file model_3.cif (mmCIF, C-alpha atoms and all ligand atoms)
data_query
#
loop_
_atom_site.label_atom_id
_atom_site.label_comp_id
_atom_site.auth_asym_id
_atom_site.auth_seq_id
_atom_site.Cartn_x
_atom_site.Cartn_y
_atom_site.Cartn_z
CA MET R 7 -3.26 21.22 46.64
CA ASP R 8 -4.08 17.68 47.82
CA ILE R 9 -6.53 15.79 45.60
CA PHE R 10 -8.93 15.48 48.57
CA GLU R 11 -9.05 19.27 48.80
CA TYR R 12 -10.25 19.40 45.21
CA SER R 13 -12.94 16.85 46.09
CA ARG R 14 -14.51 19.37 48.47
CA LEU R 15 -15.42 21.58 45.49
CA SER R 16 -18.70 21.11 43.60
CA LYS R 17 -18.51 19.68 40.05
CA LYS R 18 -19.72 23.05 38.74
CA GLU R 19 -16.95 24.91 40.57
CA ILE R 20 -14.32 22.44 39.33
CA ALA R 21 -15.52 22.82 35.73
CA LYS R 22 -15.34 26.64 36.11
CA ARG R 23 -11.80 26.45 37.52
CA ILE R 24 -10.73 24.03 34.76
CA ASP R 25 -11.89 26.49 32.13
CA LYS R 26 -9.99 29.37 33.76
CA ALA R 27 -6.80 27.36 34.40
CA LYS R 28 -6.82 26.00 30.86
CA ARG R 29 -6.95 29.52 29.39
CA ASN R 30 -4.26 30.79 31.76
CA ILE R 31 -1.69 28.21 30.68
CA GLY R 32 -2.84 27.79 27.06
CA ALA R 33 -3.74 24.11 27.35
CA VAL R 34 -6.01 22.05 25.14
CA ILE R 35 -7.95 19.21 26.80
CA ILE R 36 -8.38 16.05 24.76
CA ALA R 37 -10.61 13.15 25.86
CA HIS R 38 -11.35 9.65 24.59
CA SER R 39 -15.04 8.66 24.35
CA TYR R 40 -14.56 6.11 27.18
CA GLN R 41 -13.80 8.86 29.69
CA ARG R 42 -16.27 9.71 32.46
CA ILE R 43 -19.04 11.78 30.87
CA GLU R 44 -18.23 14.85 33.01
CA VAL R 45 -14.61 14.71 31.78
CA GLN R 46 -15.77 14.43 28.15
CA GLN R 47 -17.98 17.48 28.75
CA ILE R 48 -15.08 19.77 29.79
CA ALA R 49 -12.83 18.58 26.93
CA ASP R 50 -12.08 20.66 23.84
CA ILE R 51 -11.90 17.59 21.61
CA VAL R 52 -13.50 14.15 22.12
CA GLY R 53 -12.94 11.22 19.79
CA ASP R 54 -11.50 7.80 19.07
CA SER R 55 -7.81 6.88 19.00
CA LEU R 56 -7.33 7.75 15.33
CA GLU R 57 -9.27 11.04 15.47
CA LEU R 58 -7.36 12.12 18.57
CA ALA R 59 -3.99 11.21 17.06
CA ARG R 60 -4.85 13.34 14.01
CA GLU R 61 -6.19 16.22 16.14
CA VAL R 62 -3.13 16.47 18.37
CA VAL R 63 -0.91 17.00 15.33
CA ASN R 64 -2.99 20.03 14.40
CA THR R 65 -3.22 21.74 17.76
CA ASP R 66 -1.38 25.05 18.33
CA ALA R 67 -1.65 24.83 22.13
CA PRO R 68 1.72 24.48 23.89
CA ILE R 69 0.25 22.12 26.51
CA ILE R 70 -1.90 19.05 25.83
CA VAL R 71 -3.85 17.51 28.71
CA PHE R 72 -4.70 13.99 27.59
CA CYS R 73 -7.69 12.39 29.32
CA GLY R 74 -7.30 8.79 28.26
CA VAL R 75 -4.95 5.91 28.97
CA MET R 76 -1.16 6.05 28.93
CA PHE R 77 -0.56 4.87 25.35
CA MET R 78 -2.77 7.71 24.08
CA ALA R 79 -0.83 10.37 26.01
CA GLU R 80 2.44 8.78 24.88
CA THR R 81 1.28 8.91 21.25
CA ALA R 82 0.42 12.60 21.65
CA GLN R 83 3.89 13.26 23.09
CA ILE R 84 5.70 11.29 20.38
CA ILE R 85 4.06 13.24 17.58
CA ASN R 86 4.39 16.57 19.42
CA PRO R 87 7.98 16.44 20.71
CA ASP R 88 8.08 20.20 21.36
CA LYS R 89 4.91 20.30 23.47
CA MET R 90 4.22 19.46 27.05
CA VAL R 91 1.82 16.50 27.30
CA LEU R 92 0.17 15.84 30.65
CA ILE R 93 -1.96 12.93 31.83
CA PRO R 94 -4.12 13.56 34.93
CA GLU R 95 -3.52 10.06 36.37
CA ILE R 96 -0.18 8.31 36.00
CA GLN R 97 -1.74 4.89 36.84
CA ALA R 98 -4.15 5.01 33.87
CA GLY R 99 -2.57 2.25 31.80
CA CYS R 100 -4.22 0.04 29.18
CA PRO R 101 -4.00 -3.65 30.20
CA LEU R 102 -4.18 -4.66 26.53
CA ALA R 103 -0.97 -2.70 25.85
CA ALA R 104 0.70 -4.65 28.69
CA HIS R 105 0.26 -7.90 26.71
CA ALA R 106 3.38 -7.21 24.61
CA THR R 107 6.88 -5.99 25.43
CA ALA R 108 9.50 -4.83 22.92
CA GLU R 109 11.62 -7.89 23.81
CA ASP R 110 8.67 -10.23 23.02
CA VAL R 111 8.17 -8.53 19.65
CA ILE R 112 11.87 -8.75 18.76
CA ARG R 113 11.78 -12.48 19.63
CA MET R 114 8.70 -12.97 17.43
CA LYS R 115 10.40 -11.15 14.53
CA GLY R 116 13.25 -13.66 14.89
CA LYS R 117 10.73 -16.50 14.49
CA TYR R 118 9.21 -14.97 11.33
CA PRO R 119 12.08 -13.46 9.31
CA GLY R 120 10.93 -10.99 6.66
CA TYR R 121 7.54 -10.38 8.30
CA LYS R 122 6.44 -6.78 8.96
CA VAL R 123 5.07 -5.80 12.35
CA VAL R 124 1.71 -3.97 12.35
CA THR R 125 1.06 -2.70 15.86
CA TYR R 126 -2.27 -1.57 17.26
CA ILE R 127 -1.99 1.91 18.76
CA ASN R 128 -2.99 0.30 22.12
CA SER R 129 0.66 -0.56 22.80
CA THR R 130 3.65 0.92 24.62
CA ALA R 131 6.04 3.40 22.98
CA GLU R 132 8.76 0.71 23.22
CA VAL R 133 6.68 -1.78 21.25
CA LYS R 134 5.87 0.85 18.61
CA SER R 135 9.58 1.61 18.34
CA VAL R 136 10.36 -1.97 17.20
CA SER R 137 7.38 -2.14 14.80
CA ASP R 138 6.98 -1.15 11.14
CA ILE R 139 3.68 0.69 11.29
CA VAL R 140 0.90 1.51 13.75
CA CYS R 141 -2.85 1.05 13.18
CA THR R 142 -6.05 1.76 15.10
CA SER R 143 -9.36 -0.10 15.17
CA ALA R 144 -10.61 2.39 12.57
CA ASN R 145 -7.93 1.70 9.95
CA SER R 146 -6.39 -1.76 10.57
CA VAL R 147 -7.73 -3.09 7.25
CA LYS R 148 -6.35 -0.13 5.28
CA ILE R 149 -2.96 -0.40 7.01
CA VAL R 150 -2.62 -4.13 6.31
CA GLU R 151 -3.72 -3.57 2.71
CA SER R 152 -0.95 -0.99 2.30
CA PHE R 153 1.43 -4.00 2.13
CA PRO R 154 1.57 -6.33 -0.88
CA LYS R 155 -0.67 -9.42 -0.52
CA GLU R 156 2.27 -11.81 -0.20
CA GLN R 157 3.88 -9.82 2.66
CA GLY R 158 3.76 -11.76 5.95
CA ILE R 159 2.57 -9.71 8.93
CA ILE R 160 2.85 -10.02 12.71
CA PHE R 161 -0.13 -8.22 14.23
CA VAL R 162 0.39 -6.98 17.81
CA PRO R 163 -1.15 -7.12 20.48
CA ASP R 164 -4.94 -7.70 20.07
CA LYS R 165 -5.96 -11.15 18.79
CA ASN R 166 -9.58 -10.15 18.10
CA LEU R 167 -8.74 -7.05 16.04
CA CYS R 168 -6.23 -9.26 14.25
CA ALA R 169 -8.85 -11.94 13.50
CA TYR R 170 -11.22 -9.25 12.22
CA THR R 171 -8.52 -7.74 10.00
CA LYS R 172 -7.61 -11.19 8.64
CA ARG R 173 -11.26 -11.92 7.84
CA ILE R 174 -11.89 -8.62 6.05
CA THR R 175 -8.64 -8.58 4.08
CA GLY R 176 -8.89 -12.32 3.31
CA ARG R 177 -5.17 -12.64 4.11
CA GLU R 178 -3.90 -15.80 5.76
CA ASN R 179 -0.25 -14.82 6.22
CA ILE R 180 -0.96 -12.73 9.34
CA VAL R 181 0.29 -14.01 12.71
CA CYS R 182 -1.94 -12.81 15.56
CA TRP R 183 -0.47 -11.90 18.94
CA ASP R 184 -2.27 -13.49 21.88
CA GLY R 185 -3.43 -10.32 23.69
CA HIS R 186 -6.93 -9.07 24.46
CA CYS R 187 -8.86 -6.24 26.11
CA TYR R 188 -10.54 -7.34 29.36
CA VAL R 189 -13.54 -5.06 28.73
CA HIS R 190 -14.38 -6.30 25.22
CA ASP R 191 -13.13 -9.89 25.36
CA ARG R 192 -15.48 -10.87 28.20
CA ILE R 193 -18.60 -10.06 26.16
CA THR R 194 -20.18 -13.36 25.07
CA ALA R 195 -22.28 -14.66 22.18
CA GLN R 196 -25.09 -15.17 24.71
CA ASP R 197 -24.97 -11.43 25.54
CA ILE R 198 -25.69 -10.67 21.88
CA LEU R 199 -28.56 -13.19 21.75
CA ASN R 200 -30.00 -11.63 24.93
CA ALA R 201 -29.70 -8.12 23.47
CA ARG R 202 -31.61 -9.22 20.33
CA LYS R 203 -34.43 -10.57 22.51
CA MET R 204 -34.54 -7.44 24.64
CA HIS R 205 -34.40 -5.00 21.71
CA PRO R 206 -36.09 -6.55 18.64
CA ASN R 207 -35.37 -4.82 15.30
CA THR R 208 -32.16 -3.41 16.64
CA VAL R 209 -28.87 -2.96 14.83
CA ILE R 210 -26.02 -4.41 16.89
CA ILE R 211 -22.62 -2.82 16.30
CA ALA R 212 -19.54 -4.41 17.91
CA HIS R 213 -16.05 -3.09 18.43
CA PRO R 214 -13.44 -5.29 16.69
CA GLU R 215 -11.81 -6.00 20.08
CA VAL R 216 -14.71 -8.40 20.88
CA LYS R 217 -14.34 -12.16 20.35
CA ILE R 218 -14.78 -13.46 16.81
CA GLU R 219 -18.04 -15.31 17.68
CA VAL R 220 -19.46 -12.05 19.05
CA GLN R 221 -18.38 -10.25 15.87
CA GLU R 222 -20.12 -12.93 13.78
CA LEU R 223 -23.45 -12.46 15.61
CA SER R 224 -23.32 -8.65 15.29
CA ASP R 225 -24.73 -6.70 12.33
CA LEU R 226 -21.77 -4.35 11.95
CA ILE R 227 -18.24 -4.08 13.28
CA GLY R 228 -16.70 -0.67 13.84
CA SER R 229 -14.44 1.53 15.90
CA THR R 230 -15.98 3.96 18.39
CA SER R 231 -16.01 6.73 15.75
CA ALA R 232 -17.80 4.44 13.26
CA MET R 233 -20.44 3.69 15.94
CA TYR R 234 -20.84 7.40 16.65
CA ARG R 235 -21.30 8.22 12.96
CA TYR R 236 -23.81 5.39 12.49
CA VAL R 237 -26.06 6.76 15.25
CA ARG R 238 -25.69 10.33 13.96
CA ASP R 239 -26.66 9.23 10.45
CA HIS R 240 -29.52 6.84 11.50
CA PRO R 241 -31.30 8.76 14.28
CA LYS R 242 -34.51 6.67 14.04
CA GLN R 243 -32.77 3.29 14.34
CA THR R 244 -32.58 1.42 17.65
CA VAL R 245 -28.93 0.53 18.17
CA VAL R 246 -27.06 -1.65 20.68
CA LEU R 247 -23.38 -0.79 20.99
CA VAL R 248 -21.03 -3.57 22.01
CA THR R 249 -18.29 -1.50 23.56
CA GLU R 250 -17.35 0.52 26.63
CA TYR R 251 -20.19 2.37 28.35
CA GLY R 252 -18.64 5.87 28.10
CA LEU R 253 -19.36 6.02 24.37
CA ILE R 254 -23.06 5.28 24.96
CA GLN R 255 -23.18 8.05 27.57
CA ARG R 256 -21.59 10.47 25.09
CA ILE R 257 -24.07 9.52 22.37
CA ASN R 258 -27.05 9.79 24.73
CA VAL R 259 -25.96 13.34 25.64
CA GLU R 260 -25.15 14.45 22.08
CA PHE R 261 -28.12 12.77 20.33
CA PRO R 262 -30.89 12.89 22.96
CA GLY R 263 -33.75 11.63 20.74
CA THR R 264 -32.03 8.38 19.71
CA SER R 265 -32.52 4.86 21.12
CA VAL R 266 -29.01 3.66 21.83
CA TYR R 267 -28.31 0.95 24.39
CA PRO R 268 -25.15 -0.59 25.81
CA ILE R 269 -24.64 -4.36 25.58
CA TYR R 270 -24.62 -4.00 29.36
CA GLU R 271 -23.87 -1.09 31.66
CA HIS R 272 -20.98 -2.92 33.33
CA ALA R 273 -18.84 -2.84 30.19
CA ILE R 274 -16.59 -0.36 31.96
CA CYS R 275 -12.89 0.27 31.44
CA SER R 276 -11.86 1.09 35.01
CA ASN R 277 -8.48 2.31 33.74
CA MET R 278 -10.18 5.04 31.70
CA LYS R 279 -12.34 5.99 34.67
CA LEU R 280 -9.28 6.68 36.87
CA ILE R 281 -9.33 10.20 35.44
CA THR R 282 -11.71 12.48 37.30
CA LEU R 283 -12.59 16.18 37.05
CA GLU R 284 -10.61 16.80 40.25
CA LYS R 285 -7.50 15.24 38.71
CA VAL R 286 -7.89 17.29 35.51
CA LEU R 287 -7.95 20.49 37.58
CA ARG R 288 -4.91 19.37 39.60
CA THR R 289 -3.06 18.66 36.34
CA LEU R 290 -3.75 22.17 35.07
CA ASP R 291 -2.78 23.77 38.40
CA GLU R 292 0.39 21.77 39.00
CA GLN R 293 1.37 20.57 35.51
CA ILE R 294 1.52 16.91 36.49
CA TYR R 295 2.02 14.20 35.23
CA GLU R 296 4.32 15.06 32.36
CA ILE R 297 4.96 12.38 29.73
CA ASN R 298 8.66 11.85 29.06
CA ILE R 299 9.83 9.26 26.56
CA PRO R 300 13.55 8.70 25.88
CA ASP R 301 14.49 10.21 22.48
CA ALA R 302 15.80 6.95 21.02
CA ILE R 303 12.42 5.26 21.60
CA ALA R 304 10.29 8.29 20.68
CA ASN R 305 12.16 8.89 17.41
CA ARG R 306 11.68 5.31 16.22
CA ALA R 307 8.07 5.16 17.41
CA ARG R 308 7.33 8.46 15.61
CA VAL R 309 8.26 6.91 12.27
CA THR R 310 5.69 4.13 12.76
CA ILE R 311 2.91 6.56 13.77
CA ASP R 312 3.75 8.98 10.94
CA ARG R 313 3.55 6.11 8.45
CA MET R 314 0.02 5.41 9.66
CA LEU R 315 -1.04 9.07 9.58
CA ALA R 316 0.22 9.36 5.99
CA ILE R 317 -2.29 6.67 4.91
CA LYS R 318 -5.61 8.50 4.48
P1 LIG C 401 -11.01 3.25 19.47
O1 LIG C 401 -9.78 3.27 18.66
O2 LIG C 401 -12.18 2.68 18.74
O3 LIG C 401 -11.25 4.57 20.07
O4 LIG C 401 -10.78 2.23 20.68
C1 LIG C 401 -9.77 2.44 21.60
C2 LIG C 401 -9.86 1.45 22.67
O5 LIG C 401 -9.15 1.53 23.64
C3 LIG C 401 -10.79 0.36 22.51
O6 LIG C 401 -10.85 -0.39 23.67
FE1 LIG C 402 -7.40 -0.74 26.92
FE2 LIG C 402 -9.64 -2.18 26.75
FE3 LIG C 402 -9.59 -0.02 28.26
FE4 LIG C 402 -9.53 0.18 25.57
S1 LIG C 402 -11.21 -0.58 26.84
S2 LIG C 402 -8.27 1.33 27.02
S3 LIG C 402 -8.29 -1.61 25.08
S4 LIG C 402 -8.40 -1.88 28.55
#
call {"tool": "encode", "arguments": {"input": "model_3.cif", "output": "structure tokens"}}
result
Amino acid sequence: MDIFEYSRLSKKEIAKRIDKAKRNIGAVIIAHSYQRIEVQQIADIVGDSLELAREVVNTDAPIIVFCGVMFMAETAQIINPDKMVLIPEIQAGCPLAAHATAEDVIRMKGKYPGYKVVTYINSTAEVKSVSDIVCTSANSVKIVESFPKEQGIIFVPDKNLCAYTKRITGRENIVCWDGHCYVHDRITAQDILNARKMHPNTVIIAHPEVKIEVQELSDLIGSTSAMYRYVRDHPKQTVVLVTEYGLIQRINVEFPGTSVYPIYEHAICSNMKLITLEKVLRTLDEQIYEINIPDAIANRARVTIDRMLAIK
């Protein structure tokens, strides 16, 4: 069925058909917290990159529908080689991941012999396959600290997460890649000062993908799951979240009595929003788009993801 045909159906009808189609084919629907709120609401599991990577290892379902960006669906496929992994929109890439190619990383390794490559999960399967270990925004400090202090590290591809990890670990021998996320990196120090004026007595929590000066003006730095837990555990506290708007929508739905504000409502990852309810239903009906990664790349990338998952 053409995607425009699906658009003729009401949201309620699409959600009903998604539920039925999912049961028929035995699929589990996984969604990142930056997805459109209506997509999060039909998902079986919602979370951050690390939580979702851990969840997909545990699922019994033969088919995984991944509502997120391409590197997330690729990660699910790599660690579930015997399952079918589908992404509802093939164009949903992460521009941060596009900042590094495997060839670039190999060249960098040549410049820093003996250094280990720690790669943010927001990267292509090819880049993971030439790395030593993967990390997420929730565990970058722990992953770097799993190496001896004197070990040199190349950190790929987010410069802000790298700067944060360097600051927290106090390690100087980390070379930061020059990549960034267009959603987080454009948030300015002035935005934080404005938020403090607008919401006095607020706690400001920033994602580590924001610029270092924005991190310095914030009260806490954390991944999307850390932000979620903070609000859950401090329901009376006014909180401003310096991250993508989808997480704030999720929190406002799940914790209705709380005062949680976005840094601004235009902090939108348009790549994440490419996935719609209509496309999720089409994916279930037609089993598109299937993730296929060549074995040689997937096998090497799996080692780097498994190393991360083994560090609790
Ligand atoms: P989390 O790992 O915090 O979910 O973030 C993923 C991401 O894409 C941030 O922009
Ligand atoms: Fe990639 Fe940034 Fe979008 Fe996250 S918010 S998926 S890092 S572009």
call {"tool": "residues_near_ligand", "arguments": {"input": "model_3.cif", "ligand": "ligand LIG 402 (chain C)", "cutoff": "7 Å", "atoms": "only C-alpha atoms and all ligand atoms", "output": "compact mmCIF listing (two decimals) with C-alpha atoms, keeping the file's coordinate frame"}}
result
# COMPACT_ATOMS: atom_id res chain seq x y z
CA VAL R 75 -4.95 5.91 28.97
CA CYS R 100 -4.22 0.04 29.18
CA PRO R 101 -4.00 -3.65 30.20
CA LEU R 102 -4.18 -4.66 26.53
CA ALA R 103 -0.97 -2.70 25.85
CA ASN R 128 -2.99 0.30 22.12
CA CYS R 187 -8.86 -6.24 26.11
CA TYR R 188 -10.54 -7.34 29.36
CA VAL R 189 -13.54 -5.06 28.73
CA HIS R 190 -14.38 -6.30 25.22
CA GLU R 250 -17.35 0.52 26.63
CA CYS R 275 -12.89 0.27 31.44
CA ASN R 277 -8.48 2.31 33.74
CA MET R 278 -10.18 5.04 31.70
call {"tool": "closest_residue", "arguments": {"input": "model_3.cif", "among": "R:Val237, R:Leu290, R:Ala104, R:Leu283", "to": "Phe261 in chain R", "atoms": "all atoms listed in the file"}}
result
R:Val237
call {"tool": "atom_distance", "arguments": {"input": "model_3.cif", "atom1": "CA of Ala67 in chain R", "atom2": "CA of Ile35 in chain R"}}
result
9.6 Å
call {"tool": "residues_around", "arguments": {"input": "model_3.cif", "residues": "Ile257 in chain R", "least_positions_apart": "5", "cutoff": "9 Å", "atoms": "only C-alpha atoms", "output": "ChimeraX atom specification"}}
result
/R:234,237-238,252,262,264,266
call {"tool": "residues_near_point", "arguments": {"input": "model_3.cif", "point": "(-6.9, -4.6, 17.2)", "cutoff": "9 Å", "atoms": "only C-alpha atoms", "output": "ChimeraX atom specification"}}
result
/R:125-128,141-143,146,161-171,186,214-215
call {"tool": "closest_residue", "arguments": {"input": "model_3.cif", "among": "R:Ser229, R:Ser265, R:Thr249, R:Thr310", "to": "ligand LIG 401 (chain C)", "atoms": "all atoms listed in the file"}}
result
R:Ser229
call {"tool": "axis_aligned_box", "arguments": {"input": "model_3.cif", "around": "ligand LIG 401 (chain C)", "padding_each_side": "5 Å", "output": "AutoDock Vina command-line options"}}
result
--center_x -10.7 --center_y 2.1 --center_z 21.2 --size_x 13.0 --size_y 15.0 --size_z 15.0
call {"tool": "residues_around", "arguments": {"input": "model_3.cif", "residues": "Met233 in chain R", "least_positions_apart": "5", "cutoff": "10 Å", "atoms": "only C-alpha atoms", "output": "NGL selection string"}}
result
:R and (210-213 or 226-228 or 238-239 or 245-249 or 253-254 or 257)
call {"tool": "closest_residue", "arguments": {"input": "model_3.cif", "among": "R:Ala21, R:Met114, R:Leu287, R:Ser152", "to": "Ser137 in chain R", "atoms": "all atoms listed in the file"}}
result
R:Met114
call {"tool": "closest_residue", "arguments": {"input": "model_3.cif", "among": "R:Gly53, R:Gly176, R:Pro268, R:Gly263", "to": "ligand LIG 401 (chain C)", "atoms": "only C-alpha atoms and all ligand atoms"}}
result
R:Gly53
call {"tool": "atom_distance", "arguments": {"input": "model_3.cif", "atom1": "CA of Phe10 in chain R", "atom2": "CA of Arg288 in chain R"}}
result
10.6 Å
call {"tool": "residues_near_point", "arguments": {"input": "model_3.cif", "point": "(-6.9, 19.8, 15.4)", "cutoff": "12 Å", "atoms": "all atoms listed in the file", "output": "ChimeraX atom specification"}}
result
/R:34-36,50-53,57-67,70
call {"tool": "atom_distance", "arguments": {"input": "model_3.cif", "atom1": "CA of Ile159 in chain R", "atom2": "CA of Ser224 in chain R"}}
result
26.7 Å
call {"tool": "closest_residue", "arguments": {"input": "model_3.cif", "among": "R:Ala49, R:Ile69, R:Val181, R:Leu56", "to": "Asn86 in chain R", "atoms": "only C-alpha atoms"}}
result
R:Ile69
call {"tool": "closest_residue", "arguments": {"input": "model_3.cif", "among": "R:His38, R:Lys134, R:Arg29, R:His105", "to": "ligand LIG 401 (chain C)", "atoms": "all atoms listed in the file"}}
result
R:His38
call {"tool": "residues_around", "arguments": {"input": "model_3.cif", "residues": "Asp54 in chain R", "least_positions_apart": "6", "cutoff": "9 Å", "atoms": "only C-alpha atoms", "output": "compact mmCIF listing (two decimals) with C-alpha atoms, in the frame of the given file"}}
result
# COMPACT_ATOMS: atom_id res chain seq x y z
CA ALA R 37 -10.61 13.15 25.86
CA HIS R 38 -11.35 9.65 24.59
CA SER R 39 -15.04 8.66 24.35
CA TYR R 40 -14.56 6.11 27.18
CA ALA R 144 -10.61 2.39 12.57
CA SER R 229 -14.44 1.53 15.90
CA THR R 230 -15.98 3.96 18.39
CA SER R 231 -16.01 6.73 15.75
call {"tool": "residues_around", "arguments": {"input": "model_3.cif", "residues": "Ile96 in chain R", "least_positions_apart": "6", "cutoff": "12 Å", "atoms": "only C-alpha atoms", "output": "list of chain:residue names"}}
result
R:Phe72, R:Cys73, R:Gly74, R:Val75, R:Met76, R:Phe77, R:Ala79, R:Glu80, R:Asn277, R:Met278, R:Leu280, R:Ile281, R:Lys285, R:Val286, R:Thr289, R:Ile294, R:Tyr295, R:Glu296, R:Ile297, R:Asn298
